[in-house]
Every structure is written in C-alpha cells, then in structure tokens.
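See below for final35.txt, which holds compact mmCIF, C-alpha atoms and all ligand atoms.
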# COMPACT_ATOMS: atom_id res chain seq x y z
CA MET U 1 84.67 64.75 106.79
CA ASN U 2 86.89 65.68 103.89
CA ALA U 3 84.27 68.08 102.63
CA ALA U 4 85.10 70.91 105.02
CA PRO U 5 88.81 70.91 105.77
CA ASP U 6 89.98 72.92 108.74
CA PRO U 7 90.77 76.36 107.34
CA HIS U 8 93.41 76.95 110.00
CA THR U 9 95.73 74.50 108.25
CA LEU U 10 95.93 76.71 105.15
CA THR U 11 98.20 79.36 106.69
CA GLY U 12 101.35 77.80 105.27
CA ALA U 13 100.04 77.42 101.74
CA TYR U 14 98.65 80.94 101.93
CA ALA U 15 101.89 82.54 103.10
CA THR U 16 103.82 80.85 100.29
CA HIS U 17 101.21 82.06 97.78
CA ALA U 18 100.47 78.41 96.98
CA LEU U 19 96.68 78.51 97.21
CA PRO U 20 94.76 78.38 93.94
CA GLU U 21 92.74 81.56 93.40
CA GLU U 22 89.40 80.28 94.68
CA GLU U 23 90.84 78.85 97.86
CA ARG U 24 92.88 81.97 98.42
CA LEU U 25 89.80 84.18 98.33
CA ALA U 26 87.94 81.86 100.67
CA PHE U 27 90.87 81.77 103.07
CA GLU U 28 91.20 85.55 103.05
CA GLN U 29 87.63 85.73 104.33
CA HIS U 30 88.55 83.39 107.13
CA LEU U 31 91.72 85.35 107.78
CA ALA U 32 89.80 88.56 108.30
CA GLN U 33 87.96 86.93 111.20
CA CYS U 34 90.63 84.71 112.71
CA PRO U 35 93.34 86.55 114.67
CA ALA U 36 95.22 83.30 115.29
CA CYS U 37 95.62 82.64 111.57
CA ALA U 38 96.44 86.29 110.87
CA GLN U 39 99.19 86.14 113.45
CA GLU U 40 100.53 82.88 112.08
CA VAL U 41 100.51 84.17 108.50
CA ALA U 42 102.40 87.30 109.57
CA GLU U 43 105.02 85.16 111.28
CA PHE U 44 105.34 82.87 108.27
CA GLU U 45 105.73 85.88 106.00
CA ALA U 46 108.46 87.20 108.24
CA ALA U 47 110.21 83.81 108.18
CA LEU U 48 109.89 83.56 104.40
CA ALA U 49 111.21 87.08 104.07
CA ARG U 50 114.40 85.81 105.67
CA LEU U 51 114.67 83.25 102.90
CA GLY U 52 113.98 85.97 100.39
CA ALA U 53 116.42 88.42 101.95
CA ALA U 54 119.15 85.80 101.70
CA GLU U 55 118.71 85.94 97.92
CA SER U 56 120.11 89.37 97.49
CA GLY U 57 120.73 90.38 93.90
CA ARG U 58 122.62 93.27 92.38
CA PRO U 59 120.27 95.46 90.40
CA PRO U 60 121.34 96.77 87.01
CA SER U 61 122.46 100.37 87.11
CA GLY U 62 119.65 101.75 84.96
CA LEU U 63 116.86 100.32 87.06
CA LYS U 64 116.79 102.96 89.76
CA ALA U 65 116.76 105.82 87.29
CA ALA U 66 113.83 104.18 85.48
CA VAL U 67 111.92 103.70 88.73
CA MET U 68 112.56 107.22 89.99
CA ALA U 69 111.54 108.66 86.64
CA GLY U 70 108.42 106.50 86.56
CA ILE U 71 106.92 107.20 89.98
CA GLY U 72 105.75 110.63 88.88
CA ASP U 73 103.10 108.85 86.82
CA VAL U 74 102.10 106.46 89.58
CA ARG U 75 99.28 107.79 91.68
CA GLN U 76 99.69 107.04 95.36
CA LEU U 77 96.85 105.42 97.25
CA PRO U 78 95.46 107.09 100.36
CA PRO U 79 95.86 105.35 103.71
CA LEU U 80 93.36 102.82 104.97
CA THR U 81 92.69 102.82 108.66
CA GLY U 82 89.24 101.41 109.32
CA PRO U 83 88.23 97.77 109.12
CA ALA U 84 85.12 98.69 107.18
CA GLU U 85 87.20 100.45 104.60
CA ARG U 86 89.69 97.64 104.44
CA ARG U 87 86.87 95.30 103.56
CA ARG U 88 85.76 97.54 100.75
CA GLY U 89 89.27 97.69 99.45
CA THR U 90 89.26 101.30 98.38
CA SER U 91 88.46 104.61 99.84
CA ARG U 92 86.55 107.08 97.81
CA PRO U 93 87.38 110.64 98.48
CA ALA U 94 84.30 112.64 97.60
CA ARG U 95 85.54 115.83 96.09
CA GLN U 96 83.44 118.93 95.96
CA TRP U 97 80.59 117.75 98.07
CA PRO U 98 77.26 119.43 97.44
CA LYS U 99 77.02 122.49 99.63
CA LEU U 100 74.34 121.09 101.86
CA ALA U 101 76.30 117.92 102.52
CA LEU U 102 79.37 119.98 103.24
CA ALA U 103 77.46 122.16 105.63
CA ALA U 104 76.19 119.04 107.35
CA CYS U 105 79.76 117.82 107.61
CA LEU U 106 80.80 121.12 109.10
CA ALA U 107 77.90 120.89 111.52
CA LEU U 108 79.02 117.46 112.61
CA ALA U 109 82.56 118.60 113.00
CA THR U 110 81.76 121.64 115.04
CA GLY U 111 78.92 120.13 116.98
CA LEU U 112 76.83 123.16 116.19
CA GLY U 113 74.14 121.27 114.36
CA ALA U 114 71.72 123.38 112.46
CA VAL U 115 73.64 126.56 113.14
CA ALA U 116 76.30 125.74 110.62
CA VAL U 117 73.76 124.74 108.01
CA GLN U 118 71.98 128.01 108.45
CA GLN U 119 75.23 129.86 108.27
CA HIS U 120 75.90 128.34 104.96
CA ASP U 121 72.45 128.87 103.51
CA GLN U 122 71.86 132.28 104.91
CA ALA U 123 75.02 134.28 104.84
CA GLN U 124 73.26 137.20 106.45
CA ARG U 125 72.28 135.35 109.56
CA ALA U 126 75.57 133.56 109.56
CA ARG U 127 77.47 136.78 109.99
CA SER U 128 75.65 137.73 113.14
CA GLN U 129 75.92 134.29 114.59
CA ALA U 130 79.55 133.93 113.66
CA SER U 131 80.37 136.70 116.06
CA SER U 132 79.26 134.50 118.90
CA LEU U 133 81.37 131.60 117.78
CA ARG U 134 84.82 131.10 118.95
CA GLU U 135 87.34 132.96 116.91
CA GLU U 136 88.62 129.93 115.15
CA GLN U 137 85.21 128.64 114.23
CA ALA U 138 84.36 132.02 112.82
CA ALA U 139 87.49 131.96 110.73
CA VAL U 140 86.62 128.52 109.43
CA THR U 141 83.11 129.59 108.61
CA SER U 142 84.43 132.63 106.84
CA LEU U 143 86.81 130.51 104.90
CA LEU U 144 83.94 128.34 103.81
CA THR U 145 82.20 131.32 102.29
CA ALA U 146 85.26 132.60 100.44
CA PRO U 147 84.43 132.93 96.73
CA ASP U 148 87.20 130.55 95.72
CA ALA U 149 86.70 128.12 98.64
CA ARG U 150 87.20 124.51 97.70
CA THR U 151 86.84 121.33 99.66
CA THR U 152 88.11 117.81 99.66
CA THR U 153 86.79 115.01 101.83
CA THR U 154 88.03 111.62 102.80
CA ALA U 155 86.61 108.86 104.94
CA SER U 156 88.88 106.68 106.99
CA GLY U 157 87.15 104.07 109.06
CA PRO U 158 84.73 105.88 111.32
CA ALA U 159 86.35 109.25 110.67
CA VAL U 160 85.27 111.69 108.00
CA ALA U 161 87.52 114.64 107.34
CA THR U 162 87.18 117.65 105.11
CA VAL U 163 89.71 120.28 104.20
CA VAL U 164 88.33 123.62 103.13
CA TRP U 165 90.77 125.97 101.50
CA SER U 166 91.02 129.23 99.67
CA ALA U 167 94.03 129.85 97.50
CA ASP U 168 93.27 133.58 97.44
CA ARG U 169 93.41 133.81 101.20
CA GLY U 170 96.18 131.24 101.46
CA GLN U 171 94.23 129.56 104.26
CA ALA U 172 93.03 126.06 104.90
CA ALA U 173 90.91 124.49 107.62
CA PHE U 174 90.53 120.91 108.73
CA LEU U 175 87.18 119.56 109.91
CA ALA U 176 86.71 116.05 111.11
CA SER U 177 84.15 113.92 112.84
CA GLY U 178 84.56 110.44 114.26
CA MET U 179 88.31 110.69 114.82
CA PRO U 180 89.19 107.89 117.26
CA ALA U 181 90.15 109.12 120.72
CA LEU U 182 93.89 108.95 121.33
CA PRO U 183 95.68 107.58 124.36
CA GLN U 184 97.16 109.95 126.91
CA GLY U 185 100.19 111.74 125.61
CA ARG U 186 99.23 111.57 121.94
CA THR U 187 97.75 114.11 119.60
CA TYR U 188 96.68 114.46 115.99
CA GLU U 189 99.00 116.74 114.07
CA LEU U 190 98.18 118.38 110.76
CA TRP U 191 100.69 118.95 107.99
CA PHE U 192 100.95 120.86 104.77
CA ASN U 193 102.45 118.62 102.13
CA ASP U 194 104.97 120.67 100.14
CA SER U 195 105.51 118.04 97.44
CA GLY U 196 106.79 115.44 99.83
CA THR U 197 108.11 117.70 102.58
CA MET U 198 105.75 117.94 105.48
CA ARG U 199 105.30 121.34 107.10
CA PRO U 200 103.66 121.43 110.55
CA ALA U 201 100.19 123.00 110.35
CA GLY U 202 98.97 122.68 113.92
CA LEU U 203 97.56 120.22 116.43
CA LEU U 204 93.96 119.12 116.38
CA PRO U 205 92.25 120.13 119.64
CA ALA U 206 91.23 117.09 121.65
CA ASP U 207 87.70 118.32 122.34
CA HIS U 208 86.59 119.06 118.80
CA GLY U 209 87.74 118.09 115.35
CA GLN U 210 88.28 121.47 113.83
CA LEU U 211 91.36 123.52 113.14
CA LEU U 212 92.27 126.53 111.07
CA LEU U 213 95.63 125.37 109.81
CA THR U 214 98.68 127.31 110.90
CA GLY U 215 100.65 128.87 108.09
CA ASN U 216 99.97 129.78 104.50
CA ILE U 217 99.00 127.13 101.98
CA ASN U 218 101.76 128.46 99.81
CA GLY U 219 101.44 125.96 97.02
CA ALA U 220 101.07 122.91 99.26
CA VAL U 221 99.75 119.94 97.30
CA GLY U 222 97.91 118.37 100.19
CA VAL U 223 97.13 118.14 103.86
CA GLY U 224 98.12 115.16 105.98
CA VAL U 225 97.27 113.88 109.45
CA THR U 226 99.54 111.86 111.71
CA GLN U 227 99.49 110.78 115.31
CA GLU U 228 102.27 112.41 117.32
CA PRO U 229 103.39 112.81 120.91
CA SER U 230 101.58 115.63 122.76
CA GLY U 231 103.00 118.95 121.79
CA GLY U 232 103.53 117.75 118.23
CA SER U 233 106.62 116.98 116.20
CA ALA U 234 108.69 119.00 113.78
CA HIS U 235 108.50 116.16 111.26
CA PRO U 236 105.97 113.35 111.01
CA THR U 237 107.13 110.33 112.99
CA GLY U 238 104.52 107.87 111.83
CA GLN U 239 102.41 106.71 108.94
CA PRO U 240 99.92 109.24 107.60
CA LEU U 241 96.43 108.49 108.87
CA MET U 242 94.83 110.63 106.21
CA LEU U 243 96.03 112.47 103.15
CA LEU U 244 93.86 115.01 101.43
CA PRO U 245 94.96 116.44 98.09
CA LEU U 246 94.53 120.18 97.58
CA THR U 247 93.61 119.83 93.94
CA MET T 1 120.81 71.22 124.30
CA ASN T 2 119.17 72.26 121.12
CA ALA T 3 121.23 71.46 118.06
CA VAL T 4 119.92 74.50 116.27
CA VAL T 5 121.68 77.69 117.17
CA HIS T 6 119.36 80.67 117.26
CA LEU T 7 121.10 83.57 115.66
CA SER T 8 119.65 86.98 116.09
CA ALA T 9 117.69 88.45 113.22
CA PRO T 10 119.91 90.18 110.68
CA ARG T 11 120.49 93.78 111.52
CA PHE T 12 119.32 95.99 108.73
CA ARG T 13 121.88 98.66 109.17
CA GLY T 14 121.24 102.15 108.01
CA PRO T 15 117.98 103.99 107.69
CA ASP T 16 114.84 103.32 109.68
CA LEU T 17 112.71 101.66 107.01
CA LYS T 18 109.42 102.39 108.77
CA GLU T 19 110.23 106.06 108.74
CA LEU T 20 111.16 105.92 105.06
CA VAL T 21 107.85 104.24 104.24
CA ALA T 22 105.92 106.86 106.22
CA LYS T 23 107.67 109.65 104.35
CA THR T 24 107.20 107.88 101.04
CA ALA T 25 103.49 107.74 101.81
CA PHE T 26 103.53 111.54 101.82
CA GLY T 27 105.12 111.59 98.38
CA ASP T 28 108.69 112.20 99.56
CA GLN T 29 110.84 111.06 96.64
CA GLU T 30 114.08 111.30 98.57
CA ALA T 31 112.73 108.94 101.22
CA PHE T 32 111.56 106.59 98.49
CA SER T 33 115.02 106.67 96.98
CA GLY T 34 116.45 105.51 100.31
CA LEU T 35 113.79 102.84 100.59
CA TYR T 36 114.61 101.64 97.09
CA ASP T 37 118.28 101.29 97.98
CA ALA T 38 117.44 99.34 101.10
CA VAL T 39 115.11 96.78 99.55
CA VAL T 40 115.94 96.45 95.86
CA GLY T 41 118.67 93.85 96.40
CA PRO T 42 116.51 91.33 98.27
CA VAL T 43 113.55 92.05 95.96
CA LEU T 44 115.55 91.38 92.83
CA GLY T 45 117.22 88.36 94.40
CA LEU T 46 113.93 86.78 95.39
CA VAL T 47 112.18 87.57 92.11
CA ARG T 48 115.10 86.17 90.14
CA ARG T 49 115.08 83.09 92.27
CA VAL T 50 111.45 82.45 91.35
CA LEU T 51 111.52 83.59 87.72
CA ARG T 52 115.07 82.66 86.75
CA ASP T 53 114.89 84.89 83.69
CA PRO T 54 116.98 88.06 84.27
CA ALA T 55 115.01 90.35 81.95
CA GLN T 56 111.65 89.35 83.40
CA SER T 57 113.07 89.63 86.89
CA GLU T 58 114.06 93.22 86.26
CA GLU T 59 110.63 93.98 84.90
CA VAL T 60 108.91 92.50 87.93
CA THR T 61 111.33 94.26 90.28
CA GLN T 62 110.41 97.55 88.67
CA GLU T 63 106.71 96.72 89.07
CA VAL T 64 107.28 95.94 92.74
CA MET T 65 109.00 99.29 93.25
CA PHE T 66 106.09 101.12 91.66
CA GLU T 67 103.71 99.18 93.87
CA LEU T 68 105.77 100.14 96.88
CA TRP T 69 105.46 103.80 95.95
CA ARG T 70 101.75 103.41 95.20
CA THR T 71 100.83 101.57 98.39
CA ALA T 72 103.22 103.11 100.94
CA ALA T 73 100.31 104.69 102.79
CA ARG T 74 98.76 101.25 103.27
CA TYR T 75 101.68 99.81 105.15
CA GLU T 76 100.63 99.01 108.71
CA PRO T 77 103.67 99.20 110.99
CA GLN T 78 101.92 97.39 113.83
CA ARG T 79 101.51 94.33 111.61
CA GLY T 80 105.18 93.75 110.96
CA GLU T 81 108.50 94.96 109.61
CA VAL T 82 108.96 96.65 106.26
CA LEU T 83 111.10 94.06 104.51
CA PRO T 84 108.65 91.15 104.95
CA TRP T 85 105.89 93.41 103.69
CA VAL T 86 107.90 94.32 100.59
CA LEU T 87 109.09 90.78 99.95
CA THR T 88 105.56 89.39 100.31
CA MET T 89 104.54 91.87 97.62
CA ALA T 90 107.51 90.86 95.46
CA HIS T 91 106.86 87.16 95.90
CA ARG T 92 103.20 87.56 95.00
CA ARG T 93 104.11 89.31 91.75
CA ALA T 94 106.85 86.86 90.87
CA VAL T 95 104.50 83.94 91.45
CA ASP T 96 101.76 85.54 89.36
CA ARG T 97 104.25 86.00 86.55
CA VAL T 98 105.55 82.46 86.72
CA ARG T 99 102.00 81.08 86.77
CA ALA T 100 101.03 83.10 83.74
CA ALA T 101 104.01 81.62 81.95
CA GLN T 102 103.26 78.15 83.23
CA ALA T 103 99.68 78.33 82.07
CA ALA T 104 100.96 78.92 78.57
CA ALA T 105 103.63 76.25 78.77
CA ASP T 106 103.41 72.57 78.07
CA ARG T 107 102.49 70.16 80.84
CA ASP T 108 105.68 68.30 79.99
CA GLN T 109 107.72 71.12 81.34
CA LYS T 110 106.06 70.68 84.68
CA ALA T 111 106.87 66.99 84.66
CA ALA T 112 110.47 67.80 83.80
CA ALA T 113 110.64 70.18 86.72
CA ARG T 114 110.43 67.21 89.02
CA SER T 115 114.04 66.46 88.42
CA HIS T 116 114.78 70.03 89.48
CA VAL T 117 113.31 69.81 92.95
CA PRO T 118 115.70 72.12 94.74
CA ALA T 119 117.79 70.62 97.46
CA PHE T 120 118.26 72.76 100.50
CA ASP T 121 121.87 73.50 99.66
CA GLU T 122 120.83 74.81 96.24
CA VAL T 123 118.43 77.09 98.01
CA ALA T 124 121.28 78.98 99.54
CA GLU T 125 123.23 79.58 96.35
CA GLN T 126 123.91 83.02 94.91
CA VAL T 127 123.76 84.51 98.34
CA GLU T 128 125.87 87.46 99.31
CA ASN T 129 125.14 87.57 102.97
CA ARG T 130 126.99 84.53 104.26
CA LEU T 131 125.71 84.63 107.81
CA GLU T 132 122.16 84.91 106.68
CA ARG T 133 122.66 82.19 104.12
CA GLU T 134 124.20 79.97 106.73
CA GLN T 135 121.30 80.38 109.09
CA VAL T 136 118.68 79.88 106.40
CA ARG T 137 120.50 76.76 105.25
CA ARG T 138 120.69 75.37 108.72
CA CYS T 139 117.08 76.08 109.44
CA LEU T 140 115.88 74.54 106.19
CA GLN T 141 117.95 71.54 107.13
CA SER T 142 115.96 71.19 110.33
CA LEU T 143 112.81 70.47 108.32
CA THR T 144 111.81 66.97 107.23
CA GLU T 145 112.41 66.31 103.57
CA LEU T 146 108.73 66.49 102.72
CA GLN T 147 108.28 69.71 104.67
CA ARG T 148 111.29 71.26 102.99
CA GLU T 149 110.29 70.24 99.49
CA SER T 150 106.73 71.43 100.01
CA VAL T 151 107.88 74.84 101.21
CA THR T 152 110.66 75.38 98.68
CA LEU T 153 108.68 74.19 95.66
CA ALA T 154 105.97 76.67 96.53
CA TYR T 155 108.17 79.54 97.61
CA TYR T 156 111.10 79.34 95.21
CA ARG T 157 109.29 77.89 92.23
CA GLY T 158 105.83 79.35 92.52
CA TYR T 159 103.90 76.08 92.46
CA THR T 160 100.44 75.89 93.95
CA TYR T 161 100.00 73.25 96.63
CA PRO T 162 97.99 70.94 94.30
CA GLU T 163 100.91 71.15 91.87
CA VAL T 164 103.35 70.41 94.67
CA ALA T 165 101.23 67.42 95.66
CA GLU T 166 101.34 66.18 92.09
CA LEU T 167 105.08 66.70 91.78
CA LEU T 168 105.80 64.91 95.00
CA GLY T 169 103.14 62.22 94.54
CA THR T 170 101.70 63.12 97.93
CA PRO T 171 98.05 63.63 98.95
CA LEU T 172 96.78 67.21 98.92
CA GLY T 173 95.96 67.31 102.61
CA THR T 174 99.42 66.06 103.49
CA VAL T 175 101.14 68.75 101.45
CA LYS T 176 99.01 71.45 103.07
CA THR T 177 99.88 70.37 106.57
CA ARG T 178 103.56 69.79 105.72
CA MET T 179 103.78 73.34 104.42
CA ARG T 180 102.38 74.64 107.66
CA ASP T 181 104.46 72.33 109.85
CA GLY T 182 107.57 73.22 107.87
CA LEU T 183 106.94 76.94 108.23
CA ILE T 184 106.32 76.60 111.95
CA ARG T 185 109.68 74.89 112.29
CA LEU T 186 111.36 77.44 110.07
CA ARG T 187 109.79 80.33 111.97
CA ASP T 188 110.93 78.93 115.31
CA CYS T 189 114.41 78.15 114.04
CA LEU T 190 114.84 81.64 112.58
CA GLY T 191 113.56 83.15 115.79
CA VAL T 192 110.80 85.07 114.02
CA GLY T 193 107.59 86.05 115.77
CA SER T 194 106.44 85.94 119.32
ZN ZN U 301 92.04 80.42 111.52

Could you spell out this file's structure in structure tokens?
Ligand SMILES: [Zn+2]
Amino acid sequence: MNAAPDPHTLTGAYATHALPEEERLAFEQHLAQCPACAQEVAEFEAALARLGAAESGRPPSGLKAAVMAGIGDVRQLPPLTGPAERRRGTSRPARQWPKLALAACLALATGLGAVAVQQHDQAQRARSQASSLREEQAAVTSLLTAPDARTTTTASGPAVATVVWSADRGQAAFLASGMPALPQGRTYELWFNDSGTMRPAGLLPADHGQLLLTGNINGAVGVGVTQEPSGGSAHPTGQPLMLLPLT
Amino acid sequence: MNAVVHLSAPRFRGPDLKELVAKTAFGDQEAFSGLYDAVVGPVLGLVRRVLRDPAQSEEVTQEVMFELWRTAARYEPQRGEVLPWVLTMAHRRAVDRVRAAQAAADRDQKAAARSHVPAFDEVAEQVENRLEREQVRRCLQSLTELQRESVTLAYYRGYTYPEVAELLGTPLGTVKTRMRDGLIRLRDCLGVGS
C-alpha cells in the first residue's frame, strides 16, 4: 500500500521545488498526462508567486547594466508549440536542407506534389510550368532558384516551416505545412525581425501555407510568425509561434 | 462570515508584462529592459530570502534575467501570468544554489537550522509592499502550524520534503499532504486560480 503513493498528492511538494530529483522527474511524467495536477500546480505557483512578490528587494545599480550588456551573448531559444516537441525538450532547426528535401517541403507547402520537385531538379521544365502557377507561387519558385538562395527550416509541433531568401533580390518567402487551422477572425501574420523591431511582412493565406513576404529583407535578422486578428496588426500582439533566423 | 478577507490580487501597474515577454521573444532589448524593471525587485527579494547571502543573490538574479531573455519565446500566456512564471524560475535557481551549498555543508548546520524554523511573522519581514505583506501574512496565518512550517521550510529555505520531515520529526507522507493542504488553503485565501 505504501509502495505506490498517490502521485496526485505531490503537487504541493513539486510547486515548492521540494521533491528530490528522482521523484521530481517521475512526477513530471505524471504531470504531462494529468490535467488536474497541472492545473493545481499552476495555481500553487501563482499563490507562491504572491509570497515571492511580497519579498521585493532593491537591486544594486550595476546589475541592470551587467544584464543588458550580457544578453547579447545569450542565444534565445525558439518557441515551442507542439506537445511532441515539448516532450523532446528542444527543437532542431534544420538549416540548409538538402535540395531534394527542400523541394519536397515546397511540394508539401504548395500542394503541388511532384511538380515542385521537378521544378527544382529540372529548371528547364520548371520555367514552362511556372507560367501556369499562380503569380505568387511562380515568384517563390523563382526565388528558390536564385543563385544565392538560402533556406532555414523549423518544426513546431505538427507544423514545418521554411523560409527561402535571397539577399541579392532582397526577397524572402515563407512555406509551411501542417499549420493548425485558426478560429474565425484570426490569421497568421508574418514579420521581418529588424533586430528586435517587427516589421509586418504579410498575412498567410488561409487556404495554403505559402507567402512571398511583403517588403524588402533589408538586413532583417529573422522572420517571425504570430497569430493576429483578421486583417493583421501593425505590431505583433502575441507570442511568436515561430522564429526563423536569416543567417 | 469568513474571517479571512479576500483582497484582490495586487495590481501590477504599468506595462503589460505579457506583451513585453512577447516582444522580448523577438529579441527586442527595449522590451526586455522594461520587463527587467518590472520583475527584478521580486526576483531579487525572493532569491535573497532563500539564499540569504547578498552576493550570491545578485549572481542568481543575474542568471534568472539571462534565463528570462533566453526562454522568453517559451512562455505560454494561456498557462498563467508572467510574474509567477518568472518567480518559479527564480525559485528553482535559488533552491538549486542552496542545495549545492547544503550538499557541501556539514549535517550539523542542518540540525542547527531547526531553531531557525521561520515563524509566519518573520516570513513577512523586509517587505516593501505593505498591503501585499499584510495579505500574505494573514493567509499564512490561516494555515495550521504544520502546514505553514512545511510550506515555508520548503519555499523560503529550499529544503526537500524529506528534509522537512526530518526537521519537523514528522512522517514523509504527512509532510507531503500538509504541503498540498497548506497550498490549497493559501491559494484559496489569496484568491488565486479558478
Ligand atoms: Zn495527477
């Protein structure tokens, strides 16, 4: 009877960080599957934060300068959105995918299947077929074949997104598959990240996950995705769902 | 009539912290600067409460701020407010630090700590926000002694629950449930949660 204690009773010890390492890891596994405990832990953490917040201290004057000077060396982690990814703990952006894999990704994103693959492998044929594609898709395809075209890819839960860009042309395109459908009145908005300032780069069409970004790359360090009200926002209003570095 | 008065949650005046975190996640240093200003006081206060040593507390506070910058994109607004998220992070680091020190220290020191079991009125010392302090004090007072000691020894001193059980001469299972019962009472008294 003592052998298997009820894991639900560990919420308090967990929230106060009072579980020894082994028990903590075991409880975290339980926590991932038990919404009741997760809810209780969140409430306990909020209650304990009130105890913590009552302990306000006055920081020494040099601390902020040291922190602000130091963050330049601290690499920021990309967002996590999918449960699968959360379990793994890290996301692995695959930079510079092999061309075939990239073409497959493009095919997925555009829903054109083998067409895109052929376009990539056989530039000749691609040109003739591109003319029958919608204007935007043609532009994306063309961007992909730019001599200095580069790509970056990130996975976020079920979604896989790639940004293709050419510094020479100053253009970037966003290609995604598996983006979760949004509720009525919401849209995915793309942003150029100008070293921390987000510049609107267009709204992702609801029917396919592809967009030639609006505006010139102009030294942007990355591309971000947020969820916004339909019609988009001038500034991001929520957490980034994805961040792709243009490096 | 309930003897415990439910005060509303403290109003964090000023910037919208969720927005600052979202911007920080994009690498916006100005937003991070605002976030720093909003949370550094409570972070330092809590860390100092656990560690007691001012120099180490500053070090850990700096680590917490770097972690905040590093993990801003992983904040999940739907799971709770910003300050609890930050203070959970801060508490975790403070406790790790205190445990590392404890592991190196003599067992005697732990025994001596027994005489230092913090009373609830000590808990509220060094507080700037009087209203908040008053409410925390009152709510801690609403716990049984064993609940209160179990929670405060773990939270303010960084003891694991087996250590708390040893300090209080109470069975392990009892300490576990008292921690949970105490936090349920505290949560309800502070008006946190659903
Ligand atoms: Zn549970």

Taking all atoms listed in the file into account, which residues of chain U are within 7 Å of chain T, as an MDAnalysis selection string?
-> chainID U and resid 9:13 16:20 43:47 49 51:59 67 71 74:80 195:197 237:240

Restricting the calculation to all atoms listed in the file, which member of U:Pro229, U:Ser142, U:Ala149, U:Asn216 is positioned closest to Gln184 in chain U?
-> U:Pro229

Neighbours of ligand ZN 301 (chain U) within 6 Å, counting only C-alpha atoms and all ligand atoms, as an mmCIF file with C-alpha atoms, keeping the file's coordinate frame?
data_model
loop_
_atom_site.group_PDB
_atom_site.id
_atom_site.type_symbol
_atom_site.label_atom_id
_atom_site.label_comp_id
_atom_site.auth_asym_id
_atom_site.auth_seq_id
_atom_site.Cartn_x
_atom_site.Cartn_y
_atom_site.Cartn_z
ATOM 1 C CA PRO U 7 90.770 76.360 107.340
ATOM 2 C CA HIS U 8 93.410 76.950 110.000
ATOM 3 C CA CYS U 34 90.630 84.710 112.710
ATOM 4 C CA ALA U 36 95.220 83.300 115.290
ATOM 5 C CA CYS U 37 95.620 82.640 111.570
#

What is the CA of His208 in chain U-CA of Gln78 in chain T distance in Å, reported with one decimal?
-> 27.0 Å

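Between CA of Val223 in chain U and CA of Leu244 in chain U there is a distance of 5.1 Å.
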